[in-house]
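A short worksheet on the structure shown next.
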Amino acid sequence: MKKLNVIVIMLAVFIAASVSQAAMVKQVVLSSTSGVEASYDPTTGVSSWENGASGWIMTDSYDVVNFTSASITGTFSGMTDTSSGGTASALFDTGTWTISLSAGDLQLDISGHIVGNYVETEGKFQEGHIDGRAVVIVDSATFNFGDYFGEGITVDWQGGTGSMAGLIADIALPNGAVFGDYDTDDYLSTNTTITLWADEGVVPEPASLCLLGLGAVSLLKRRRA
């Protein structure tokens, strides 16, 4: 019986050690100083992100890794203008994005698509800023961190490929820019922060986003009538 107990204890220690040999990325950030561009074109109804220069990640143990090279692409289409009372807002029902970070031998590539709607709202949290939010699915996540976190420690996306995540954009409009609605106005911002969170709870559920959007459209139609 004692021998069996020893084996069970050793197995438990082995499992615990195996679990500890993984670092999970919880947050990926391309900051406003990294050269990310965000733009919207009313002739196509497309909101897009591109470029970048630097970024960083945070793991589940709160380790922060800075990257000297970063790039992002994002395209959001299928726009419905929900602007009202001089406040610009819109829903986009289709969207894909890709984030790439590198520094020497370190490399991160992660991409996905939106679930429900990507929602943009001007002045939601700060005047002169557009807040963009979407619940997304991670379609692909590739990491190469070597032994940066220690020999034998692997790095992966929290929840793995196919998991939900929260994608948030803070888009600062140029000083003096007028952006009243998505049917006629455009914007180009070079002061944008994009954050990908492993926890999709930072963004309302897709159904809530859809209901909020439909409510705004309904209200807008009533006001115009």
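Note on naming: chains are A, B, ... as they come in the structure tokens, residues start from 1 per chain, ligands start from 1 in the order shown.
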Residue neighbourhood segment 70-82 of chain A, 6 Å, only C-alpha atoms, exclusion window fewer than 3 positions, as a CSV table (one decimal) with C-alpha atoms, in the first residue's frame:
chain,number,residue,atom,x,y,z
A,45,GLY,CA,-18.0,51.1,-45.7
A,46,VAL,CA,-14.7,49.4,-44.6
A,47,SER,CA,-12.8,50.0,-41.4
A,48,SER,CA,-9.2,48.9,-41.5
A,49,TRP,CA,-6.0,48.6,-39.5
A,50,GLU,CA,-2.4,48.4,-40.8
A,51,ASN,CA,1.3,48.9,-40.1
A,52,GLY,CA,3.0,48.9,-36.7
A,53,ALA,CA,6.5,49.2,-35.2
A,54,SER,CA,6.5,47.7,-31.8
A,55,GLY,CA,4.3,45.9,-29.2
A,89,SER,CA,-21.3,54.6,-34.3
A,90,ALA,CA,-21.5,51.6,-36.6
A,91,LEU,CA,-21.7,47.8,-36.7
A,92,PHE,CA,-19.5,45.7,-39.0
A,93,ASP,CA,-20.7,42.1,-39.4
A,94,THR,CA,-17.6,40.7,-41.1
A,95,GLY,CA,-14.0,41.0,-40.0
A,96,THR,CA,-10.6,39.4,-39.9
A,97,TRP,CA,-7.3,40.4,-38.3
A,98,THR,CA,-3.7,39.3,-38.0
A,99,ILE,CA,-1.0,40.3,-35.4
A,100,SER,CA,2.7,39.6,-35.9
A,101,LEU,CA,5.4,40.4,-33.3
A,182,TYR,CA,-20.4,56.5,-41.0
A,216,ALA,CA,-29.8,51.8,-32.1
A,217,VAL,CA,-30.9,51.3,-35.7
Give me, as a tab-separated table, each residue of segment 113-151 of chain A that comes within 10 Å of segment 176-180 of chain A, together with its shortest interatomic pair and the distance in Å at one decimal, counting only C-alpha atoms, with rows ordered by chain and rising residue number.
residue	atom	partner	partner_atom	distance
A:Glu122	CA	A:Phe179	CA	8.1
A:Gly128	CA	A:Ala177	CA	8.0
A:Ile130	CA	A:Phe179	CA	9.7
Same residues, N, CA and C atoms, saved as a compact mmCIF listing (two decimals), in the first residue's frame:
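Ended up saving to result-v5.txt:
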# COMPACT_ATOMS: atom_id res chain seq x y z
N GLU A 122 -17.85 56.59 -31.40
CA GLU A 122 -17.04 57.79 -31.16
C GLU A 122 -17.43 58.39 -29.81
N GLY A 128 -13.15 62.61 -28.86
CA GLY A 128 -12.13 62.61 -29.90
C GLY A 128 -11.50 61.25 -30.13
N ILE A 130 -12.33 56.99 -30.94
CA ILE A 130 -13.29 55.98 -31.36
C ILE A 130 -12.94 54.68 -30.64
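Interatomic distance, atom CA of Ser189 of chain A to atom CA of Asp109 of chain A: 23.9 Å.
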### Task
Going by DSSP on the backbone, which bits of segment 73-217 of chain A are strand (DSSP E)? Write them as JSON, numbers by chain, please.
{"A": [73, 74, 75, 76, 77, 78, 79, 80, 81, 89, 90, 91, 92, 93, 94, 95, 96, 97, 98, 99, 100, 101, 102, 103, 106, 107, 108, 109, 110, 111, 112, 113, 114, 115, 116, 117, 118, 119, 120, 121, 122, 129, 130, 131, 132, 133, 134, 135, 136, 137, 138, 139, 140, 141, 142, 143, 144, 154, 155, 156, 157, 164, 165, 166, 167, 168, 169, 170, 171, 172, 187, 188, 189, 191, 192, 193, 194, 195, 196, 197]}
### Query
Any idea what's packed within 7 Å of segment 132-140 of chain A, counting only C-alpha atoms, ignoring anything in its chain fewer than 5 positions away? Could you give it as a ChimeraX atom specification?
/A:110-115,117-121,161-170,200,203,206
Include C-alpha atoms and write out the residues we just selected as a CSV table (one decimal), in the first residue's frame.
chain,number,residue,atom,x,y,z
A,110,ILE,CA,-1.9,35.2,-34.2
A,111,SER,CA,-5.0,35.7,-36.4
A,112,GLY,CA,-8.7,35.3,-36.3
A,113,HIS,CA,-12.2,36.5,-37.2
A,114,ILE,CA,-15.0,38.3,-35.4
A,115,VAL,CA,-18.1,36.7,-33.8
A,117,ASN,CA,-20.3,42.4,-34.8
A,118,TYR,CA,-17.3,44.6,-34.6
A,119,VAL,CA,-18.7,47.8,-33.0
A,120,GLU,CA,-17.2,51.3,-33.3
A,121,THR,CA,-18.4,54.3,-31.2
A,161,THR,CA,-6.6,27.9,-31.1
A,162,GLY,CA,-10.3,28.1,-31.6
A,163,SER,CA,-10.9,29.9,-28.3
A,164,MET,CA,-12.7,33.2,-27.9
A,165,ALA,CA,-10.9,36.4,-27.1
A,166,GLY,CA,-11.7,40.1,-26.8
A,167,LEU,CA,-10.3,42.6,-29.4
A,168,ILE,CA,-10.3,46.3,-28.5
A,169,ALA,CA,-9.2,49.4,-30.4
A,170,ASP,CA,-8.6,52.9,-29.1
A,200,GLU,CA,-13.6,37.7,-24.2
A,203,VAL,CA,-16.3,42.8,-24.6
A,206,PRO,CA,-22.1,38.9,-29.5
Apply DSSP to the backbone of this structure and, from segment 16-186 of chain A, keep only the residues in alpha helix (DSSP H); write these as a PDB file with N, CA and C atoms, in the first residue's frame.
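The new file part_23.pdb reads:
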ATOM      1  N   ALA A  16       1.989  17.981 -11.994  1.00  0.00           N
ATOM      2  CA  ALA A  16       2.090  19.394 -11.586  1.00  0.00           C
ATOM      3  C   ALA A  16       3.262  20.063 -12.266  1.00  0.00           C
ATOM      4  N   ALA A  17       4.395  19.341 -12.349  1.00  0.00           N
ATOM      5  CA  ALA A  17       5.588  19.898 -12.994  1.00  0.00           C
ATOM      6  C   ALA A  17       5.330  20.120 -14.471  1.00  0.00           C
ATOM      7  N   SER A  18       4.596  19.185 -15.096  1.00  0.00           N
ATOM      8  CA  SER A  18       4.297  19.302 -16.526  1.00  0.00           C
ATOM      9  C   SER A  18       3.410  20.515 -16.795  1.00  0.00           C
ATOM     10  N   VAL A  19       2.401  20.713 -15.904  1.00  0.00           N
ATOM     11  CA  VAL A  19       1.485  21.841 -16.070  1.00  0.00           C
ATOM     12  C   VAL A  19       2.231  23.164 -15.948  1.00  0.00           C
ATOM     13  N   SER A  20       3.215  23.202 -15.016  1.00  0.00           N
ATOM     14  CA  SER A  20       3.935  24.449 -14.775  1.00  0.00           C
ATOM     15  C   SER A  20       4.880  24.802 -15.922  1.00  0.00           C
TER      16      SER A  20
END
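With only C-alpha atoms as the atoms that count, the residue of A:Gly159, A:Glu127, A:Val202, A:Ala103 with the shortest distance to Asn175 of chain A is A:Glu127.
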### Task
Show which residues sit within 7 Å of segment 191-198 of chain A, as a VMD selection string. Count only C-alpha atoms, and ignore same-chain residues fewer than 4 positions away.
chain A and resid 26 to 33 36 to 38 158 165 to 172
Residues from the last selection, N, CA and C atoms, saved as a short mmCIF file (atom, residue, chain, number, x, y, z; two decimals), in the first residue's frame:
data_model
loop_
_atom_site.label_atom_id
_atom_site.label_comp_id
_atom_site.auth_asym_id
_atom_site.auth_seq_id
_atom_site.Cartn_x
_atom_site.Cartn_y
_atom_site.Cartn_z
N LYS A 26 -1.76 36.11 -22.18
CA LYS A 26 -3.09 36.59 -21.83
C LYS A 26 -3.45 37.89 -22.55
N GLN A 27 -2.44 38.64 -22.96
CA GLN A 27 -2.72 39.95 -23.55
C GLN A 27 -1.65 40.28 -24.59
N VAL A 28 -2.09 40.78 -25.74
CA VAL A 28 -1.19 41.23 -26.80
C VAL A 28 -1.53 42.68 -27.10
N VAL A 29 -0.54 43.57 -27.08
CA VAL A 29 -0.80 45.00 -27.24
C VAL A 29 0.10 45.60 -28.31
N LEU A 30 -0.51 46.34 -29.24
CA LEU A 30 0.22 47.23 -30.14
C LEU A 30 -0.16 48.63 -29.71
N SER A 31 0.79 49.36 -29.10
CA SER A 31 0.47 50.62 -28.45
C SER A 31 0.33 51.77 -29.45
N SER A 32 -0.18 52.89 -28.94
CA SER A 32 -0.43 54.06 -29.78
C SER A 32 0.85 54.65 -30.35
N THR A 33 2.00 54.30 -29.75
CA THR A 33 3.27 54.82 -30.25
C THR A 33 3.92 53.87 -31.25
N VAL A 36 0.60 52.13 -35.54
CA VAL A 36 -0.59 51.49 -36.08
C VAL A 36 -1.51 52.55 -36.70
N GLU A 37 -1.97 52.29 -37.91
CA GLU A 37 -2.91 53.19 -38.58
C GLU A 37 -4.30 52.57 -38.60
N ALA A 38 -5.31 53.38 -38.29
CA ALA A 38 -6.70 52.95 -38.39
C ALA A 38 -7.42 53.92 -39.31
N GLN A 158 -3.58 31.67 -24.42
CA GLN A 158 -4.49 31.24 -23.36
C GLN A 158 -5.77 30.66 -23.99
N ALA A 165 -11.75 35.40 -27.72
CA ALA A 165 -10.92 36.44 -27.15
C ALA A 165 -11.63 37.78 -27.34
N GLY A 166 -11.11 38.80 -26.69
CA GLY A 166 -11.68 40.14 -26.82
C GLY A 166 -10.71 41.05 -27.55
N LEU A 167 -11.17 41.72 -28.60
CA LEU A 167 -10.33 42.62 -29.39
C LEU A 167 -10.83 44.05 -29.20
N ILE A 168 -9.94 44.95 -28.75
CA ILE A 168 -10.33 46.33 -28.46
C ILE A 168 -9.39 47.29 -29.17
N ALA A 169 -9.98 48.32 -29.78
CA ALA A 169 -9.21 49.37 -30.44
C ALA A 169 -9.53 50.72 -29.80
N ASP A 170 -8.48 51.48 -29.50
CA ASP A 170 -8.63 52.86 -29.05
C ASP A 170 -8.05 53.74 -30.16
N ILE A 171 -8.94 54.36 -30.93
CA ILE A 171 -8.54 55.12 -32.12
C ILE A 171 -8.67 56.61 -31.84
N ALA A 172 -7.53 57.31 -31.74
CA ALA A 172 -7.55 58.74 -31.47
C ALA A 172 -7.64 59.51 -32.79
#
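Nearest residue to Gly152 of chain A among A:Ala22, A:Gly85, A:Gly35, A:Thr59 is A:Ala22, counting only C-alpha atoms.
Note that atom CA of Trp157 of chain A and atom CA of Phe145 of chain A are 12.4 Å apart.
Taking only C-alpha atoms, the non-local environment of Phe143 of chain A within 8 Å (same-chain residues fewer than 2 positions away omitted) comprises Leu106, Gln107, Leu108, Asp109, Ala141, Phe145, Val155 and Asp156 of chain A.
Of the listed residues (A:Val25, A:Tyr40, A:Ser84, A:Thr190), A:Val25 comes nearest to Met58 of chain A; the distances count only C-alpha atoms.
Closest to Thr43 of chain A among A:Phe67, A:His129, A:Gly146, A:Asp183 is A:Asp183, based on only C-alpha atoms.
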### Task
Mind giving me the straight-line distance from atom CA of Asp41 of chain A to atom CA of Phe125 of chain A in Å, one decimal?
22.9 Å
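Counting only C-alpha atoms, the residue from A:Pro174, A:Gly160, A:Gly104, A:Gly116 that sits nearest to Asn144 of chain A is A:Gly104.
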